[in-house]
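Visitor: See work_18.csv below, with CSV, C-alpha atoms.
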```
chain,number,residue,atom,x,y,z
A,783,LYS,CA,125.0,199.2,165.7
A,784,ASN,CA,124.6,196.5,163.1
A,785,LEU,CA,128.1,197.1,161.7
A,786,ASP,CA,129.7,196.0,164.9
A,787,LYS,CA,127.5,193.0,165.5
A,788,ASP,CA,128.7,189.4,165.0
A,789,TYR,CA,126.2,187.3,163.2
A,790,LEU,CA,126.4,183.7,164.4
A,791,PRO,CA,124.9,181.0,162.1
A,792,GLU,CA,125.0,178.5,165.0
A,793,MET,CA,122.6,180.9,166.8
A,794,GLY,CA,120.3,181.0,163.9
A,795,GLU,CA,121.4,184.5,162.8
A,796,THR,CA,121.8,185.6,159.3
A,797,ASN,CA,124.2,188.4,158.4
A,798,PRO,CA,122.0,190.9,156.4
A,799,PHE,CA,125.1,192.4,154.7
A,800,LEU,CA,126.2,188.9,153.4
A,801,HIS,CA,122.7,188.1,152.5
A,802,MET,CA,122.3,191.2,150.3
A,803,GLY,CA,125.8,190.8,148.9
A,804,LEU,CA,125.0,187.3,147.7
A,805,HIS,CA,121.8,188.5,146.0
A,806,LEU,CA,123.9,191.2,144.3
A,807,ALA,CA,126.5,188.6,143.3
A,808,LEU,CA,123.8,186.4,141.8
A,809,HIS,CA,122.3,189.2,139.8
A,810,GLU,CA,125.7,190.3,138.6
A,811,GLN,CA,126.4,186.7,137.4
A,812,ILE,CA,123.0,186.7,135.6
A,813,SER,CA,123.6,190.1,133.9
A,814,THR,CA,127.1,189.2,132.7
A,815,ASP,CA,126.3,185.5,132.1
A,816,ARG,CA,129.4,184.6,134.1
A,817,PRO,CA,130.0,181.7,134.4
A,818,THR,CA,128.6,181.1,130.9
A,819,GLY,CA,125.3,179.4,131.1
A,820,VAL,CA,124.1,180.8,134.5
A,821,ARG,CA,121.7,183.2,132.7
A,822,ASP,CA,120.0,180.4,130.8
A,823,ILE,CA,119.7,178.3,134.0
A,824,TYR,CA,118.2,181.3,135.8
A,825,GLN,CA,115.6,181.9,133.0
A,826,GLN,CA,114.7,178.2,133.0
A,827,LEU,CA,114.3,178.1,136.8
A,828,ARG,CA,112.3,181.3,136.7
A,829,PHE,CA,109.9,180.1,134.1
A,830,GLY,CA,108.6,177.4,136.5
A,831,ALA,CA,109.1,179.1,139.8
A,832,GLY,CA,106.2,180.2,141.9
A,833,ASP,CA,108.3,182.3,144.2
A,834,ILE,CA,111.2,184.0,142.4
A,835,HIS,CA,112.8,185.2,145.6
A,836,GLU,CA,112.9,181.6,147.0
A,837,MET,CA,114.3,180.3,143.7
A,838,GLU,CA,117.1,182.8,144.0
A,839,HIS,CA,117.8,181.7,147.6
A,840,GLN,CA,118.2,178.1,146.2
A,841,MET,CA,120.6,179.4,143.6
A,842,ILE,CA,122.5,181.4,146.3
A,843,GLU,CA,122.8,178.2,148.4
A,844,CYS,CA,124.6,176.6,145.4
A,845,LEU,CA,126.9,179.7,145.2
A,846,MET,CA,127.7,179.6,148.9
A,847,GLU,CA,128.5,175.9,148.8
A,848,THR,CA,130.8,176.5,145.8
A,849,LEU,CA,132.6,179.3,147.5
A,850,TRP,CA,132.9,177.4,150.8
A,851,THR,CA,134.3,174.4,149.0
A,852,ALA,CA,136.8,176.5,147.1
A,853,GLN,CA,137.9,178.3,150.3
A,854,ARG,CA,138.5,175.1,152.2
A,855,ALA,CA,140.5,173.7,149.3
A,856,GLY,CA,142.4,176.9,148.8
A,857,GLN,CA,141.4,177.0,145.1
A,858,MET,CA,139.4,179.1,142.7
A,859,PRO,CA,135.7,178.2,142.7
A,860,ASN,CA,134.9,175.4,140.3
A,861,GLU,CA,132.5,176.9,137.8
A,862,ALA,CA,131.6,173.5,136.2
A,863,ASN,CA,130.5,172.1,139.6
A,864,TYR,CA,128.6,175.3,140.4
A,865,LEU,CA,126.7,175.1,137.1
A,866,ALA,CA,126.0,171.4,137.7
A,867,SER,CA,124.5,172.2,141.1
A,868,LEU,CA,122.3,174.9,139.6
A,869,ARG,CA,121.1,172.4,136.9
A,870,ARG,CA,120.2,170.0,139.6
A,871,LEU,CA,117.7,172.6,140.9
A,872,LYS,CA,115.8,172.2,137.6
A,873,ASN,CA,115.4,168.5,138.4
A,874,ARG,CA,113.8,169.2,141.8
A,875,LYS,CA,110.7,170.9,140.3
```
Could you express the structure from this file as structure tokens?

Guide:
Amino acid sequence: KNLDKDYLPEMGETNPFLHMGLHLALHEQISTDRPTGVRDIYQQLRFGAGDIHEMEHQMIECLMETLWTAQRAGQMPNEANYLASLRRLKNRK
């Protein structure tokens, strides 16, 4: 049933498959430290985070924005911009 469903963000729906895939992608980045520096940023954010899951959601927002921007421009994701957006999360605390 869920495999055939269309999840419409404009209707406030979240695709659970995309959601889990993004969590997996983030953890893969952290485990391989690709792009270089993402593991250190994660550890720094984790140190001061009250809710690790929410912190990961903030990181995923940065990842999604980076992927969306790259897709719109027809280019590879800009790792430097992605890391910069993650670093800005540290400044929000």

Visitor: May I have the residues within 12 Å of His801 (chain A) as an NGL selection string, using all atoms listed in the file and disregarding those fewer than 4 positions away in the same chain?

Guide: :A and (789 or 795-797 or 805-808 or 838-839 or 842-843 or 845-846)

Visitor: Determine the nearest neighbour of Arg816 (chain A) from the options A:Ala862, A:Ala831, A:Leu871, A:Met802, counting only C-alpha atoms.

Guide: A:Ala862

Visitor: Between CA of Arg870 (chain A) and CA of Gly819 (chain A), what distance in Å does the model show, to one decimal?

Guide: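 Taking CA of Arg870 (chain A) as the start and CA of Gly819 (chain A) as the end point, the length is 13.7 Å.
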
Visitor: Restricting the calculation to all atoms listed in the file, which member of A:Gln840, A:Thr818, A:Thr851, A:Gln826 is positioned closest to Leu865 (chain A)?

Guide: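 Smallest separation from Leu865 (chain A) among the options: A:Thr818.
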
Visitor: Measuring between all atoms listed in the file, which one of A:Thr848, A:Glu810, A:Met858, A:Met841 shows the shortest distance to Arg828 (chain A)?

Guide: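 Looking at the shortest contact to Arg828 (chain A), the residue is A:Met841.
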
Visitor: Name the closest residue to Val820 (chain A) among the candidates A:Arg854, A:Arg869, A:His835, A:Arg874; distances are taken between atoms, counting only C-alpha atoms.

Guide: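 Counting only C-alpha atoms, the residue closest to Val820 (chain A) is A:Arg869.
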
Visitor: Find the distance between CA of Ala855 (chain A) and CA of Asp822 (chain A) and write it in Å to one decimal.

Guide: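 These atoms are spaced 28.4 Å apart.
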
Visitor: May I ask for the distance between CA of Pro859 (chain A) and CA of Glu847 (chain A), given in Å to one decimal place?

Guide: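 That distance, rounded to one decimal, is 9.7 Å.
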
Visitor: Which is closer to Ala866 (chain A) than all the others in A:Gly830, A:Pro817, A:Gln811, A:Leu800, using all atoms listed in the file?

Guide: A:Pro817

Visitor: Model the absent atoms of region 816-827 of chain A so that all heavy atoms are present, and write the result as a JSON list (two decimals), in the frame of the given file.

Guide:
```json
[["chain", "number", "residue", "atom", "x", "y", "z"],
["A", 816, "ARG", "N", 128.13, 185.11, 133.60],
["A", 816, "ARG", "CA", 129.40, 184.60, 134.10],
["A", 816, "ARG", "C", 129.20, 183.85, 135.35],
["A", 816, "ARG", "O", 128.76, 184.49, 136.32],
["A", 816, "ARG", "CB", 130.40, 185.73, 134.24],
["A", 816, "ARG", "CG", 131.70, 185.35, 134.84],
["A", 816, "ARG", "CD", 132.75, 185.09, 133.77],
["A", 816, "ARG", "NE", 134.05, 184.97, 134.43],
["A", 816, "ARG", "CZ", 134.72, 183.85, 134.48],
["A", 816, "ARG", "NH1", 134.26, 182.78, 133.91],
["A", 816, "ARG", "NH2", 135.87, 183.80, 135.08],
["A", 817, "PRO", "N", 129.42, 182.58, 135.44],
["A", 817, "PRO", "CA", 130.00, 181.70, 134.40],
["A", 817, "PRO", "C", 128.93, 181.50, 133.27],
["A", 817, "PRO", "O", 127.72, 181.57, 133.50],
["A", 817, "PRO", "CB", 130.26, 180.40, 135.12],
["A", 817, "PRO", "CG", 129.39, 180.40, 136.32],
["A", 817, "PRO", "CD", 129.17, 181.83, 136.69],
["A", 818, "THR", "N", 129.47, 181.28, 132.10],
["A", 818, "THR", "CA", 128.60, 181.10, 130.90],
["A", 818, "THR", "C", 127.60, 180.01, 131.16],
["A", 818, "THR", "O", 127.95, 178.90, 131.56],
["A", 818, "THR", "CB", 129.50, 180.75, 129.70],
["A", 818, "THR", "OG1", 130.46, 181.79, 129.51],
["A", 818, "THR", "CG2", 128.66, 180.59, 128.45],
["A", 819, "GLY", "N", 126.35, 180.36, 130.95],
["A", 819, "GLY", "CA", 125.30, 179.40, 131.10],
["A", 819, "GLY", "C", 124.39, 179.74, 132.32],
["A", 819, "GLY", "O", 123.25, 179.27, 132.40],
["A", 820, "VAL", "N", 124.87, 180.55, 133.25],
["A", 820, "VAL", "CA", 124.10, 180.80, 134.50],
["A", 820, "VAL", "C", 122.83, 181.62, 134.11],
["A", 820, "VAL", "O", 121.78, 181.41, 134.73],
["A", 820, "VAL", "CB", 124.95, 181.58, 135.53],
["A", 820, "VAL", "CG1", 125.27, 183.01, 135.14],
["A", 820, "VAL", "CG2", 124.28, 181.52, 136.89],
["A", 821, "ARG", "N", 122.88, 182.48, 133.10],
["A", 821, "ARG", "CA", 121.70, 183.20, 132.70],
["A", 821, "ARG", "C", 120.61, 182.31, 132.18],
["A", 821, "ARG", "O", 119.43, 182.44, 132.53],
["A", 821, "ARG", "CB", 122.04, 184.29, 131.66],
["A", 821, "ARG", "CG", 120.84, 185.16, 131.28],
["A", 821, "ARG", "CD", 121.15, 186.16, 130.19],
["A", 821, "ARG", "NE", 122.18, 187.07, 130.61],
["A", 821, "ARG", "CZ", 123.16, 187.51, 129.81],
["A", 821, "ARG", "NH1", 123.25, 187.10, 128.56],
["A", 821, "ARG", "NH2", 124.05, 188.36, 130.27],
["A", 822, "ASP", "N", 120.99, 181.36, 131.34],
["A", 822, "ASP", "CA", 120.00, 180.40, 130.80],
["A", 822, "ASP", "C", 119.38, 179.57, 131.91],
["A", 822, "ASP", "O", 118.17, 179.34, 131.92],
["A", 822, "ASP", "CB", 120.65, 179.49, 129.76],
["A", 822, "ASP", "CG", 120.95, 180.21, 128.46],
["A", 822, "ASP", "OD1", 120.35, 181.27, 128.19],
["A", 822, "ASP", "OD2", 121.80, 179.70, 127.71],
["A", 823, "ILE", "N", 120.20, 179.12, 132.84],
["A", 823, "ILE", "CA", 119.70, 178.30, 134.00],
["A", 823, "ILE", "C", 118.71, 179.16, 134.78],
["A", 823, "ILE", "O", 117.62, 178.69, 135.14],
["A", 823, "ILE", "CB", 120.84, 177.80, 134.84],
["A", 823, "ILE", "CG1", 121.68, 176.78, 134.06],
["A", 823, "ILE", "CG2", 120.31, 177.20, 136.14],
["A", 823, "ILE", "CD1", 122.99, 176.41, 134.73],
["A", 824, "TYR", "N", 119.07, 180.42, 135.04],
["A", 824, "TYR", "CA", 118.20, 181.30, 135.80],
["A", 824, "TYR", "C", 116.83, 181.45, 135.08],
["A", 824, "TYR", "O", 115.78, 181.34, 135.71],
["A", 824, "TYR", "CB", 118.83, 182.68, 135.97],
["A", 824, "TYR", "CG", 117.96, 183.68, 136.67],
["A", 824, "TYR", "CD1", 117.86, 183.70, 138.06],
["A", 824, "TYR", "CD2", 117.21, 184.61, 135.96],
["A", 824, "TYR", "CE1", 117.05, 184.61, 138.71],
["A", 824, "TYR", "CE2", 116.39, 185.52, 136.60],
["A", 824, "TYR", "CZ", 116.32, 185.52, 137.97],
["A", 824, "TYR", "OH", 115.51, 186.42, 138.62],
["A", 825, "GLN", "N", 116.87, 181.68, 133.78],
["A", 825, "GLN", "CA", 115.60, 181.90, 133.00],
["A", 825, "GLN", "C", 114.78, 180.58, 133.06],
["A", 825, "GLN", "O", 113.55, 180.66, 133.19],
["A", 825, "GLN", "CB", 115.93, 182.26, 131.57],
["A", 825, "GLN", "CG", 116.54, 183.63, 131.44],
["A", 825, "GLN", "CD", 115.65, 184.76, 131.97],
["A", 825, "GLN", "OE1", 114.44, 184.64, 132.03],
["A", 825, "GLN", "NE2", 116.28, 185.85, 132.37],
["A", 826, "GLN", "N", 115.42, 179.44, 132.95],
["A", 826, "GLN", "CA", 114.70, 178.20, 133.00],
["A", 826, "GLN", "C", 114.05, 177.95, 134.36],
["A", 826, "GLN", "O", 112.90, 177.51, 134.46],
["A", 826, "GLN", "CB", 115.61, 177.01, 132.63],
["A", 826, "GLN", "CG", 116.04, 177.02, 131.19],
["A", 826, "GLN", "CD", 117.19, 176.07, 130.92],
["A", 826, "GLN", "OE1", 117.53, 175.24, 131.75],
["A", 826, "GLN", "NE2", 117.80, 176.20, 129.75],
["A", 827, "LEU", "N", 114.81, 178.24, 135.41],
["A", 827, "LEU", "CA", 114.30, 178.10, 136.80],
["A", 827, "LEU", "C", 113.14, 179.09, 137.02],
["A", 827, "LEU", "O", 112.13, 178.76, 137.63],
["A", 827, "LEU", "CB", 115.38, 178.27, 137.80],
["A", 827, "LEU", "CG", 116.42, 177.16, 137.90],
["A", 827, "LEU", "CD1", 117.58, 177.60, 138.77],
["A", 827, "LEU", "CD2", 115.79, 175.88, 138.44]]
```
